[in-house]
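J.: This is the content of final-v8.txt (compact mmCIF, C-alpha atoms):
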# COMPACT_ATOMS: atom_id res chain seq x y z
CA MET A 1 25.92 14.00 9.76
CA ALA A 2 26.86 10.40 9.08
CA TRP A 3 29.91 9.87 6.92
CA GLY A 4 29.92 13.50 5.84
CA MET A 5 27.12 12.76 3.42
CA ALA A 6 25.09 15.67 2.12
CA ALA A 7 21.45 15.65 3.09
CA CYS A 8 19.32 15.19 -0.02
CA GLU A 9 16.08 16.20 1.61
CA PRO A 10 14.55 19.48 0.44
CA GLU A 11 13.54 22.03 3.06
CA THR A 12 10.10 22.23 1.49
CA PRO A 13 8.86 18.97 -0.02
CA GLU A 14 7.23 18.70 -3.42
CA CYS A 15 3.45 18.45 -3.17
CA TYR A 16 2.07 16.31 -6.00
CA GLU A 17 -1.58 16.46 -4.97
CA PRO A 18 -4.01 19.31 -5.57
CA ASP A 19 -4.18 21.56 -2.52
CA HIS A 20 -6.27 24.35 -4.05
CA ILE A 21 -9.80 23.06 -3.86
CA THR A 22 -12.18 24.52 -6.43
CA THR A 23 -15.91 24.41 -7.07
CA ASN A 24 -16.90 23.83 -10.68
CA LEU A 25 -19.72 25.95 -12.09
CA ASN A 26 -20.95 24.14 -15.20
CA PHE A 27 -22.80 25.86 -18.03
CA ILE A 28 -25.80 23.86 -19.18
CA LYS A 29 -28.06 25.07 -21.96
CA LYS A 30 -31.56 23.83 -22.55
CA GLN A 31 -31.70 22.46 -26.05
CA VAL A 32 -35.06 21.76 -27.72
CA ASP A 33 -35.12 19.72 -30.92
CA THR A 34 -38.11 18.76 -33.05
CA VAL A 35 -37.97 15.20 -34.24
CA HIS A 36 -40.09 14.14 -37.22
CA ILE A 37 -41.03 10.48 -36.90
CA VAL A 38 -42.76 8.44 -39.64
CA ASP A 39 -44.39 5.17 -38.65
CA SER A 40 -43.12 2.56 -41.11
CA THR A 41 -46.26 0.38 -40.96
CA THR A 42 -49.03 2.99 -41.06
CA GLY A 43 -47.11 5.67 -42.90
CA MET A 44 -48.40 8.28 -40.44
CA SER A 45 -46.02 10.96 -39.27
CA ARG A 46 -45.80 12.95 -36.07
CA ASP A 47 -43.51 15.56 -34.54
CA SER A 48 -41.95 15.20 -31.10
CA LEU A 49 -40.05 17.68 -28.98
CA VAL A 50 -36.84 16.35 -27.48
CA ILE A 51 -35.39 18.46 -24.67
CA THR A 52 -31.79 17.88 -23.62
CA PHE A 53 -29.46 19.71 -21.25
CA PRO A 54 -25.95 19.34 -22.66
CA ASP A 55 -22.89 21.06 -21.28
CA THR A 56 -22.45 24.29 -23.18
CA PHE A 57 -19.15 25.82 -24.14
CA MET A 58 -18.95 29.54 -23.43
CA LYS A 59 -16.72 31.84 -25.41
CA SER A 60 -14.60 33.32 -22.60
CA PRO A 61 -16.19 32.71 -19.22
CA SER A 62 -14.90 34.42 -16.10
CA ALA A 63 -15.83 34.83 -12.45
CA TYR A 64 -15.07 37.62 -10.00
CA SER A 65 -15.59 37.24 -6.27
CA LEU A 66 -17.75 39.84 -4.54
CA GLN A 67 -16.36 40.18 -1.05
CA ASN A 68 -15.55 43.17 1.09
CA SER A 69 -11.86 42.88 0.29
CA ASN A 70 -9.23 40.62 -1.26
CA ASN A 71 -11.31 39.60 -4.24
CA VAL A 72 -10.11 37.13 -6.84
CA SER A 73 -10.68 37.14 -10.57
CA ILE A 74 -10.79 33.82 -12.39
CA MET A 75 -10.54 33.48 -16.15
CA ALA A 76 -11.46 30.11 -17.59
CA GLN A 77 -9.96 28.77 -20.77
CA PRO A 78 -11.74 30.08 -23.92
CA ASN A 79 -14.57 27.79 -25.02
CA SER A 80 -14.96 26.17 -21.63
CA ALA A 81 -18.05 24.45 -20.31
CA SER A 82 -17.23 25.41 -16.73
CA VAL A 83 -15.37 27.82 -14.53
CA ALA A 84 -13.65 26.67 -11.33
CA VAL A 85 -14.06 29.08 -8.43
CA LEU A 86 -12.37 29.17 -5.03
CA MET A 87 -14.18 29.09 -1.71
CA ASN A 88 -13.17 31.15 1.29
CA PRO A 89 -12.53 28.89 4.31
CA ASP A 90 -12.97 31.87 6.66
CA SER A 91 -16.58 32.30 5.58
CA ASN A 92 -19.72 30.22 5.06
CA ALA A 93 -20.80 31.94 1.86
CA ILE A 94 -19.25 33.53 -1.18
CA ALA A 95 -20.70 35.40 -4.16
CA TYR A 96 -19.28 35.43 -7.67
CA ARG A 97 -20.20 37.58 -10.61
CA VAL A 98 -20.14 35.11 -13.48
CA GLN A 99 -19.67 36.51 -16.95
CA TYR A 100 -20.29 34.04 -19.76
CA ASP A 101 -18.42 35.99 -22.40
CA SER A 102 -15.84 38.43 -21.15
CA THR A 103 -16.31 40.55 -24.29
CA VAL A 104 -20.03 41.08 -23.60
CA PHE A 105 -21.23 42.50 -20.31
CA GLU A 106 -23.90 39.94 -19.51
CA ALA A 107 -23.46 38.53 -16.06
CA ASP A 108 -25.24 36.92 -13.13
CA THR A 109 -24.35 36.81 -9.48
CA ILE A 110 -24.10 33.34 -7.97
CA THR A 111 -24.06 32.97 -4.19
CA ILE A 112 -22.86 29.69 -2.72
CA TYR A 113 -23.52 28.72 0.91
CA TYR A 114 -21.26 26.02 2.33
CA LYS A 115 -19.51 24.51 5.32
CA PRO A 116 -15.71 24.17 5.24
CA SER A 117 -13.99 21.16 6.84
CA LEU A 118 -10.28 20.72 7.48
CA HIS A 119 -8.72 17.89 5.48
CA PHE A 120 -5.24 16.37 5.76
CA ILE A 121 -3.72 15.76 2.32
CA SER A 122 -0.23 14.50 3.14
CA ASN A 123 2.89 15.51 5.02
CA ALA A 124 4.27 17.01 1.83
CA CYS A 125 1.13 19.05 1.13
CA GLY A 126 -0.20 19.72 4.60
CA TYR A 127 -3.83 20.58 5.19
CA THR A 128 -6.49 22.08 3.00
CA TYR A 129 -10.23 22.63 3.25
CA TYR A 130 -12.98 20.55 1.71
CA TYR A 131 -16.50 22.01 1.47
CA ARG A 132 -20.09 20.82 1.71
CA ILE A 133 -22.43 22.99 -0.37
CA ASP A 134 -25.66 23.73 1.51
CA SER A 135 -27.45 25.85 -1.05
CA VAL A 136 -26.92 28.11 -4.03
CA ASN A 137 -28.89 30.89 -5.67
CA GLY A 138 -28.39 33.33 -8.52
CA THR A 139 -29.79 36.30 -10.36
CA ARG A 140 -31.75 35.79 -13.59
CA ASN A 141 -30.18 38.21 -16.03
CA VAL A 142 -29.11 35.52 -18.43
CA LEU A 143 -29.48 32.53 -16.20
CA ASP A 144 -32.69 30.52 -15.94
CA SER A 145 -31.88 28.53 -12.85
CA VAL A 146 -29.06 27.12 -10.75
CA PHE A 147 -28.85 23.71 -9.09
CA ILE A 148 -26.45 21.75 -6.95
CA LEU A 149 -25.20 18.76 -8.94
CA ASN A 150 -22.76 17.45 -6.33
CA ASP A 151 -22.50 19.00 -2.89
CA ALA A 152 -19.11 17.50 -1.93
CA VAL A 153 -16.23 19.71 -2.96
CA THR A 154 -12.99 17.75 -2.65
CA ASN A 155 -9.77 17.43 -4.62
CA GLU A 156 -11.63 15.66 -7.45
CA ALA A 157 -11.07 18.27 -10.12
CA SER A 158 -13.47 16.79 -12.68
CA THR A 159 -16.58 16.74 -10.48
CA ARG A 160 -19.49 18.94 -11.65
CA HIS A 161 -20.67 20.76 -8.53
CA ILE A 162 -23.14 23.46 -9.59
CA GLY A 163 -25.17 23.63 -12.78
CA LEU A 164 -25.99 27.01 -14.34
CA TYR A 165 -28.96 26.46 -16.67
CA PHE A 166 -29.73 28.67 -19.66
CA PHE A 167 -32.94 28.47 -21.66
CA GLN A 168 -32.14 30.75 -24.54
CA MET B 1 12.95 -86.49 -32.87
CA GLN B 2 10.55 -88.29 -30.61
CA ILE B 3 9.72 -87.31 -27.03
CA THR B 4 9.05 -90.13 -24.69
CA PRO B 5 6.37 -89.87 -22.01
CA PHE B 6 9.09 -89.89 -19.37
CA GLU B 7 10.88 -86.93 -20.94
CA MET B 8 7.57 -85.09 -21.31
CA LYS B 9 6.83 -85.65 -17.62
CA LYS B 10 10.32 -84.49 -16.66
CA PHE B 11 9.93 -81.33 -18.80
CA LEU B 12 6.54 -80.45 -17.25
CA SER B 13 7.97 -81.00 -13.78
CA LEU B 14 10.82 -78.61 -14.60
CA ILE B 15 8.40 -75.95 -15.94
CA THR B 16 6.25 -76.33 -12.84
CA PHE B 17 9.30 -75.95 -10.57
CA VAL B 18 10.51 -72.82 -12.34
CA PHE B 19 6.98 -71.33 -12.19
CA PHE B 20 6.69 -71.83 -8.45
CA LEU B 21 10.25 -70.57 -7.95
CA GLU B 22 9.39 -67.34 -9.77
CA GLN B 23 6.19 -66.96 -7.77
CA GLY B 24 8.15 -67.25 -4.57
CA ASN B 25 10.64 -64.61 -5.63
CA ALA B 26 7.84 -62.28 -6.65
CA GLN B 27 6.13 -62.61 -3.27
CA GLN B 28 9.39 -61.99 -1.47
CA ALA B 29 10.03 -58.89 -3.58
CA SER B 30 6.55 -57.49 -2.79
CA ILE B 31 7.08 -57.72 0.96
CA PRO B 32 8.19 -54.36 2.27
CA PRO B 33 11.37 -54.25 4.29
CA MET B 34 10.79 -54.72 7.92
CA THR B 35 10.54 -51.47 9.78
CA ASP B 36 11.23 -50.68 13.37
CA SER B 37 7.58 -50.49 14.09
CA MET B 38 6.95 -53.90 12.54
CA ALA B 39 9.85 -55.35 14.44
CA SER B 40 8.55 -53.97 17.66
CA THR B 41 5.08 -55.23 16.77
CA SER B 42 6.32 -58.77 16.15
CA ASP B 43 8.34 -58.59 19.33
CA SER B 44 5.42 -57.34 21.28
CA MET B 45 3.37 -60.23 19.86
CA ALA B 46 6.05 -62.62 21.04
CA MET B 47 6.36 -60.89 24.39
CA PRO B 48 3.06 -59.19 25.09
CA HIS B 49 4.16 -57.70 28.41
CA ASP B 50 7.33 -56.02 27.10
CA SER B 51 7.53 -52.92 24.93
CA ILE B 52 10.54 -51.86 22.94
CA LYS B 53 10.97 -48.15 22.16
CA VAL B 54 13.12 -47.25 19.19
CA LYS B 55 14.64 -43.80 19.69
CA SER B 56 15.67 -42.01 16.52
CA THR B 57 18.82 -39.94 16.80
CA LYS B 58 19.18 -36.63 15.01
CA PRO B 59 22.22 -36.20 12.78
CA PRO B 60 24.97 -33.86 13.98
CA TYR B 61 24.06 -30.24 13.44
CA GLU B 62 25.85 -26.94 13.85
CA HIS B 63 23.51 -24.30 15.21
CA GLN B 64 23.84 -20.69 14.16
CA ILE B 65 22.43 -17.38 15.30
CA LYS B 66 23.32 -14.30 13.30
CA ILE B 67 23.14 -10.91 14.99
CA GLY B 68 23.42 -7.84 12.85
CA MET B 69 22.88 -4.16 12.38
CA ASP B 70 21.44 -2.34 9.40
CA ILE B 71 24.32 -0.05 8.45
CA SER B 72 22.34 1.48 5.58
CA ARG B 73 20.32 3.33 8.23
CA LEU B 74 23.42 5.33 9.10
CA ALA B 75 23.60 6.56 5.52
CA PHE B 76 19.85 7.21 5.37
CA ASN B 77 20.05 9.14 8.64
CA GLY B 78 22.60 11.41 7.03
CA MET B 79 20.63 11.86 3.83
CA TYR B 80 17.22 12.34 5.47
CA PRO B 81 17.54 14.27 8.73
CA SER B 82 13.76 14.21 9.18
CA ARG B 83 13.83 10.39 9.52
CA GLN B 84 16.34 8.96 11.97
CA SER B 85 16.34 5.28 12.88
CA TYR B 86 18.49 2.37 14.01
CA GLU B 87 17.61 -1.22 13.17
CA PHE B 88 18.94 -4.58 14.36
CA GLN B 89 18.22 -8.16 13.39
CA ALA B 90 18.85 -11.72 14.54
CA ASP B 91 18.08 -15.01 12.84
CA TYR B 92 18.39 -18.69 13.67
CA LEU B 93 18.84 -21.43 11.08
CA LEU B 94 16.51 -24.37 11.56
CA ARG B 95 17.33 -27.86 10.30
CA ASN B 96 14.86 -27.59 7.44
CA GLU B 97 16.65 -24.69 5.75
CA LEU B 98 14.27 -22.15 7.28
CA TYR B 99 15.47 -19.09 9.12
CA VAL B 100 13.48 -17.65 12.00
CA ASN B 101 14.08 -13.92 11.93
CA VAL B 102 13.44 -11.18 14.50
CA GLU B 103 14.16 -7.49 14.13
CA ALA B 104 13.93 -4.51 16.42
CA GLY B 105 14.73 -0.84 16.27
CA PHE B 106 13.75 2.68 17.13
CA GLY B 107 13.64 6.05 15.49
CA LYS B 108 12.20 9.52 15.33
CA GLY B 109 10.69 11.73 12.68
CA LYS B 110 10.47 15.47 12.40
CA VAL B 111 8.29 17.64 10.19
CA ASP B 112 9.34 21.27 10.22
CA TYR B 113 7.70 22.98 7.27
CA SER B 114 6.08 26.40 7.19
CA PHE B 115 2.65 24.77 6.90
CA LEU B 116 3.10 21.80 9.27
CA LYS B 117 5.23 21.10 12.34
CA TYR B 118 5.42 18.07 14.67
CA GLN B 119 7.70 15.23 15.81
CA THR B 120 7.31 11.47 16.25
CA ASN B 121 9.11 8.85 18.31
CA SER B 122 8.59 5.15 17.72
CA PHE B 123 10.05 1.69 18.09
CA PHE B 124 9.23 -1.59 16.40
CA LEU B 125 9.46 -5.36 16.59
CA LYS B 126 9.27 -7.76 13.67
CA ALA B 127 9.16 -11.54 13.36
CA GLY B 128 9.26 -13.63 10.26
CA VAL B 129 10.52 -16.68 8.44
CA GLN B 130 12.91 -16.83 5.53
CA ARG B 131 13.18 -19.74 3.12
CA THR B 132 16.54 -20.44 1.53
CA LEU B 133 16.47 -20.69 -2.25
CA VAL B 134 19.86 -22.32 -2.75
CA SER B 135 20.87 -25.56 -1.03
CA ARG B 136 23.93 -25.52 1.15
CA ILE B 137 26.92 -27.17 -0.48
CA SER B 138 28.24 -28.35 2.87
CA PRO B 139 27.35 -28.11 6.58
CA LYS B 140 29.95 -25.33 6.81
CA ASP B 141 28.22 -23.29 4.11
CA PHE B 142 26.05 -20.59 5.69
CA ASP B 143 25.72 -18.25 2.71
CA VAL B 144 22.08 -17.76 1.92
CA VAL B 145 19.73 -16.42 -0.73
CA PHE B 146 16.24 -16.19 0.69
CA VAL B 147 12.66 -15.06 0.34
CA GLY B 148 10.49 -14.54 3.36
CA ALA B 149 7.45 -13.08 5.01
CA GLY B 150 6.95 -11.39 8.32
CA TYR B 151 4.84 -9.31 10.64
CA GLY B 152 5.75 -6.01 12.23
CA ILE B 153 4.33 -3.91 15.03
CA GLY B 154 5.29 -0.31 15.62
CA ILE B 155 4.49 1.70 18.73
CA GLY B 156 4.97 5.42 18.90
CA LYS B 157 3.79 8.88 19.75
CA ARG B 158 3.23 11.99 17.68
CA THR B 159 3.59 15.32 19.39
CA GLU B 160 1.09 18.13 19.07
CA ALA B 161 1.04 19.35 15.47
CA THR B 162 0.59 22.91 14.30
CA TYR B 163 -0.68 23.66 10.79
CA HIS B 164 -1.14 26.68 8.57
CA VAL B 165 -3.50 26.83 5.59
CA ALA B 166 -3.10 29.83 3.30
CA SER B 167 -6.14 31.28 1.59
CA ALA B 168 -6.33 32.86 -1.83
CA PHE B 169 -8.50 35.56 -0.24
CA GLY B 170 -5.66 36.85 1.88
CA GLY B 171 -6.53 35.26 5.16
CA SER B 172 -5.10 32.11 6.61
CA SER B 173 -6.06 29.64 9.24
CA ASP B 174 -3.74 28.17 11.84
CA GLY B 175 -4.60 25.37 14.18
CA ILE B 176 -3.38 22.64 16.45
CA ILE B 177 -3.90 18.89 16.11
CA ALA B 178 -3.81 17.07 19.44
CA PRO B 179 -0.96 14.58 20.08
CA GLN B 180 -1.59 10.92 19.33
CA ASN B 181 -0.20 7.61 20.59
CA PHE B 182 -0.33 4.93 17.94
CA VAL B 183 0.17 1.22 17.40
CA VAL B 184 0.47 0.08 13.80
CA HIS B 185 0.68 -3.40 12.34
CA TRP B 186 2.03 -4.38 8.98
CA GLY B 187 2.93 -7.43 6.91
CA GLU B 188 6.13 -7.83 4.93
CA LEU B 189 7.40 -9.78 1.95
CA MET B 190 11.15 -9.82 1.62
CA ALA B 191 14.07 -11.21 -0.33
CA GLY B 192 17.79 -10.93 0.17
CA ILE B 193 21.20 -12.49 0.49
CA ARG B 194 23.84 -12.95 3.21
CA VAL B 195 27.44 -13.81 2.41
CA GLU B 196 30.08 -14.88 4.92
CA PHE B 197 32.97 -12.78 3.69
CA LEU B 198 35.11 -13.37 6.78
CA PRO B 199 34.85 -16.26 9.27
CA ARG B 200 31.53 -15.72 11.11
CA VAL B 201 31.12 -12.23 9.61
CA PHE B 202 28.31 -11.71 7.11
CA ALA B 203 27.17 -8.89 4.88
CA GLY B 204 24.06 -8.73 2.76
CA TRP B 205 20.98 -6.87 1.79
CA THR B 206 17.25 -7.27 2.13
CA VAL B 207 14.57 -5.64 -0.02
CA ARG B 208 11.05 -5.66 1.29
CA GLY B 209 7.54 -4.56 0.56
CA LYS B 210 5.38 -3.61 3.54
CA PHE B 211 1.62 -3.44 3.79
CA LEU B 212 0.09 -1.36 6.56
CA LEU B 213 -2.81 -3.29 8.09
CA ASN B 214 -4.46 -0.53 10.13
CA SER B 215 -3.77 2.73 8.32
CA GLY B 216 -7.26 3.92 9.27
CA ILE B 217 -6.10 4.85 12.77
CA PHE B 218 -4.61 8.09 11.42
CA LYS B 219 -7.73 10.14 10.88
CA GLU B 220 -6.35 13.62 11.47
CA LEU B 221 -2.66 13.33 10.64
CA SER B 222 -0.50 10.44 9.45
CA PRO B 223 3.03 10.60 10.89
CA ASN B 224 5.79 11.17 8.37
CA PHE B 225 7.91 8.37 9.81
CA ILE B 226 7.28 5.18 11.75
CA ALA B 227 10.47 3.29 12.64
CA GLY B 228 10.57 -0.07 10.87
CA TYR B 229 7.78 0.85 8.46
CA GLY B 230 8.46 4.21 6.83
CA LYS B 231 6.00 6.91 5.83
CA GLY B 232 2.81 6.63 7.84
CA ASP B 233 0.67 8.26 5.15
CA LYS B 234 1.39 5.46 2.69
CA ALA B 235 -0.50 2.15 2.84
CA THR B 236 2.40 0.36 1.16
CA SER B 237 6.09 0.93 1.65
CA PHE B 238 9.28 -0.39 0.08
CA ASP B 239 12.55 -0.53 1.93
CA PHE B 240 16.15 -1.58 1.55
CA ASN B 241 18.47 -2.71 4.31
CA PHE B 242 22.14 -3.57 4.27
CA TYR B 243 23.23 -5.64 7.22
CA LEU B 244 26.53 -6.41 8.80
CA CYS B 245 26.17 -9.55 10.95
CA TYR B 246 28.19 -11.73 13.27
CA ALA B 247 27.39 -15.43 13.64
CA LEU B 248 27.37 -17.38 16.90
CA ARG B 249 27.74 -21.13 16.30
CA TRP B 250 27.65 -24.20 18.47
CA GLY B 251 27.14 -27.92 18.02
CA LYS B 252 28.95 -30.38 15.79
CA THR B 253 28.98 -30.72 12.06
CA GLU B 254 29.98 -34.43 12.02
Can the structure in the file be given as structure tokens, please?
T.:
Amino acid sequence: MAWGMAACEPETPECYEPDHITTNLNFIKKQVDTVHIVDSTTGMSRDSLVITFPDTFMKSPSAYSLQNSNNVSIMAQPNSASVAVLMNPDSNAIAYRVQYDSTVFEADTITIYYKPSLHFISNACGYTYYYRIDSVNGTRNVLDSVFILNDAVTNEASTRHIGLYFFQ
Amino acid sequence: MQITPFEMKKFLSLITFVFFLEQGNAQQASIPPMTDSMASTSDSMAMPHDSIKVKSTKPPYEHQIKIGMDISRLAFNGMYPSRQSYEFQADYLLRNELYVNVEAGFGKGKVDYSFLKYQTNSFFLKAGVQRTLVSRISPKDFDVVFVGAGYGIGIGKRTEATYHVASAFGGSSDGIIAPQNFVVHWGELMAGIRVEFLPRVFAGWTVRGKFLLNSGIFKELSPNFIAGYGKGDKATSFDFNFYLCYALRWGKTE
């Protein structure tokens, strides 16, 4: 060692980039509003239905993986509009039981089909897996439908990947 | 007081003489000084078959080449065992206060983490120019404060890399990334000083920003260290060097 100087390099470097890649399941509720419009020139009025699909905040959403072994349980923050689930790089599909309110047993099973791909993050973080979502389906206990919003699952934490639509 | 016609004529003649005298001086002042080329032209007109070549002589000049080693690398090698390198430089002072600068060096990098393992070996060459910011106070003054720009090329090889990716589901995946030979190019902007603290012996530092020009060549794995550049997974790099140099001089100052 030169000049007896102590090495200031850690044995394991600090990784400042996300290396746990998650898929965001977003809760979207169909919202129907009746709008009463009065024509200012004729004075006639009419009603219109306006349908929107805003992100919906769930009370205490959670997800539990349904694999043969080594399952994970994920609790989202209370009043969250999404829950971030992990994919298994050793498989091409994973199923999650998604509970919208952990205090009420109403749940659906979401199955995601995907292709993992190895991705180099940095020397400090090493490798991780990105995913390409091929398809997704779900039960209809509470859920109306499920759609892929963005099929590329990368280290962009804010991306909305899968939309869970509710009509009630 | 009466002015006779003779006196009036004499006065006008004097005014006219002074006017023409002033005109003559003005024309003479507007003629540029005769240059060598004009002289040779007039001579060649007088003697059309002869040609006279005027050879300009350069003023006396003391040439200098500084050769040095970056001694800060020795300290960095001790502090960062995963990045070992040795760097050398040489520069030559041109007459127009410009330095032509070349650098060379070699080094090796080592990544030995639980999730990634490989080694790199590389060497580099750089060339650039440095502009002095402070005029020399005498021909014997070789202290310098400079800014400069340069180009660097690094050539190296990364060994086979092994990686490990842990999974939250209990499994893990291990794999191998094939070895890669690489050639990287980068540009540099630099600033620094050199001070002659003993006769012909200089010390000084250089700070530099580097911009990797072909970072896209590392598709699977960017090497942790490229000698002369730094971290291969960064498109820009900042560096500090502290040189100890010896000057070789020849030529006359007067």
J.: Taking only C-alpha atoms into account, name the residue in B:Asp174, B:Glu188, B:Glu196, B:Asp233 that is nearest to chain A.
T.: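 So, comparing all the options, the nearest one is B:Asp233.
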J.: Which is closer to A:Thr139 than all the others in A:Ile121, A:Ala107, A:Ala157, A:Ala152, using all atoms listed in the file?
T.: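 Residue with the minimum atom-to-atom distance to A:Thr139: A:Ala107.
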J.: Identify the residues within 12 Å of coordinate (3.7, -8.5, 6.9) (same frame as the file), considering all atoms listed in the file, and give the answer as a CSV table (one decimal) with C-alpha atoms, in the frame of the given file.
T.:
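Dumped everything to part36.csv:
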chain,number,residue,atom,x,y,z
B,125,LEU,CA,9.5,-5.4,16.6
B,126,LYS,CA,9.3,-7.8,13.7
B,127,ALA,CA,9.2,-11.5,13.4
B,128,GLY,CA,9.3,-13.6,10.3
B,129,VAL,CA,10.5,-16.7,8.4
B,148,GLY,CA,10.5,-14.5,3.4
B,149,ALA,CA,7.4,-13.1,5.0
B,150,GLY,CA,7.0,-11.4,8.3
B,151,TYR,CA,4.8,-9.3,10.6
B,152,GLY,CA,5.8,-6.0,12.2
B,153,ILE,CA,4.3,-3.9,15.0
B,184,VAL,CA,0.5,0.1,13.8
B,185,HIS,CA,0.7,-3.4,12.3
B,186,TRP,CA,2.0,-4.4,9.0
B,187,GLY,CA,2.9,-7.4,6.9
B,188,GLU,CA,6.1,-7.8,4.9
B,189,LEU,CA,7.4,-9.8,2.0
B,190,MET,CA,11.2,-9.8,1.6
B,208,ARG,CA,11.0,-5.7,1.3
B,209,GLY,CA,7.5,-4.6,0.6
B,210,LYS,CA,5.4,-3.6,3.5
B,211,PHE,CA,1.6,-3.4,3.8
B,212,LEU,CA,0.1,-1.4,6.6
B,213,LEU,CA,-2.8,-3.3,8.1
B,214,ASN,CA,-4.5,-0.5,10.1
B,228,GLY,CA,10.6,-0.1,10.9
B,229,TYR,CA,7.8,0.8,8.5
B,236,THR,CA,2.4,0.4,1.2
B,237,SER,CA,6.1,0.9,1.6
B,238,PHE,CA,9.3,-0.4,0.1
J.: I need the contact residues of chain B against chain A, so if you could list those with any atom within 6 Å, counting only C-alpha atoms, and return them as an MDAnalysis selection string, that would help.
T.: chainID B and resid 78:80 169
J.: May I ask which of the residues A:Asn79, A:Val98, A:Asp55, A:Ala93 is the closest one to A:Lys30, counting only C-alpha atoms?
T.: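 Closest candidate: A:Asp55.
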J.: Could you check which residues have any atom within 12 Å of (-33.2, 34.4, -15.1), counting all atoms listed in the file with coordinates taken straight from the file, and then list them as an NGL selection string?
T.: :A and (106-110 or 137-146 or 164-168)
J.: Generate a file of the selected residues that holds C-alpha atoms, formatted as a short mmCIF file (atom, residue, chain, number, x, y, z; two decimals), keeping the file's coordinate frame.
T.:
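Below is the file that was written, again-v1.cif:
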data_model
loop_
_atom_site.label_atom_id
_atom_site.label_comp_id
_atom_site.auth_asym_id
_atom_site.auth_seq_id
_atom_site.Cartn_x
_atom_site.Cartn_y
_atom_site.Cartn_z
CA GLU A 106 -23.90 39.94 -19.51
CA ALA A 107 -23.46 38.53 -16.06
CA ASP A 108 -25.24 36.92 -13.13
CA THR A 109 -24.35 36.81 -9.48
CA ILE A 110 -24.10 33.34 -7.97
CA ASN A 137 -28.89 30.89 -5.67
CA GLY A 138 -28.39 33.33 -8.52
CA THR A 139 -29.79 36.30 -10.36
CA ARG A 140 -31.75 35.79 -13.59
CA ASN A 141 -30.18 38.21 -16.03
CA VAL A 142 -29.11 35.52 -18.43
CA LEU A 143 -29.48 32.53 -16.20
CA ASP A 144 -32.69 30.52 -15.94
CA SER A 145 -31.88 28.53 -12.85
CA VAL A 146 -29.06 27.12 -10.75
CA LEU A 164 -25.99 27.01 -14.34
CA TYR A 165 -28.96 26.46 -16.67
CA PHE A 166 -29.73 28.67 -19.66
CA PHE A 167 -32.94 28.47 -21.66
CA GLN A 168 -32.14 30.75 -24.54
#
J.: Could you please determine the separation between atom CA of A:Phe53 and atom CA of A:Thr111 in Å, to one decimal place?
T.: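 Atom CA of A:Phe53 sits 22.3 Å away from atom CA of A:Thr111.
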J.: So, with all atoms listed in the file as the atoms that count, which of B:Lys117, B:Lys157, B:Arg131, B:Lys219 lies closest to B:Pro179?
T.: B:Lys157
J.: In Å, how far is it from atom CA of A:His36 to atom CA of A:Thr52?
T.: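 If I compute the distance from atom CA of A:His36 to atom CA of A:Thr52, I get 16.4 Å.
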J.: If I wrap all listed atoms of stretch 130-149 of chain B in a box with edges along x, y and z and add 4 Å on each side, what are its centre and edge lengths in Å to one decimal, as lines of an AutoDock Vina configuration file?
T.:
center_x = 18.7
center_y = -20.7
center_z = 2.0
size_x = 30.5
size_y = 23.3
size_z = 17.6
J.: Do you have the atom CA of B:Ser85-atom CA of B:Phe225 distance handy?
T.: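 So the answer is 9.5 Å.
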J.: Residues at most 6 Å from B:Arg194, counting only C-alpha atoms, excluding those fewer than 2 positions away in the same chain, as a list of chain:residue names?
T.: B:Asp143, B:Val144, B:Ala203, B:Gly204
J.: Excluding same-chain residues fewer than 4 positions from B:Ile67, what lies within 10 Å of it counting only C-alpha atoms, as a compact mmCIF listing (two decimals) with C-alpha atoms, in the coordinates of the input?
T.:
# COMPACT_ATOMS: atom_id res chain seq x y z
CA PHE B 88 18.94 -4.58 14.36
CA GLN B 89 18.22 -8.16 13.39
CA ALA B 90 18.85 -11.72 14.54
CA ASP B 91 18.08 -15.01 12.84
CA TYR B 92 18.39 -18.69 13.67
CA VAL B 102 13.44 -11.18 14.50
CA GLU B 103 14.16 -7.49 14.13
CA VAL B 201 31.12 -12.23 9.61
CA PHE B 202 28.31 -11.71 7.11
CA TYR B 243 23.23 -5.64 7.22
CA LEU B 244 26.53 -6.41 8.80
CA CYS B 245 26.17 -9.55 10.95
CA TYR B 246 28.19 -11.73 13.27
CA ALA B 247 27.39 -15.43 13.64
CA LEU B 248 27.37 -17.38 16.90
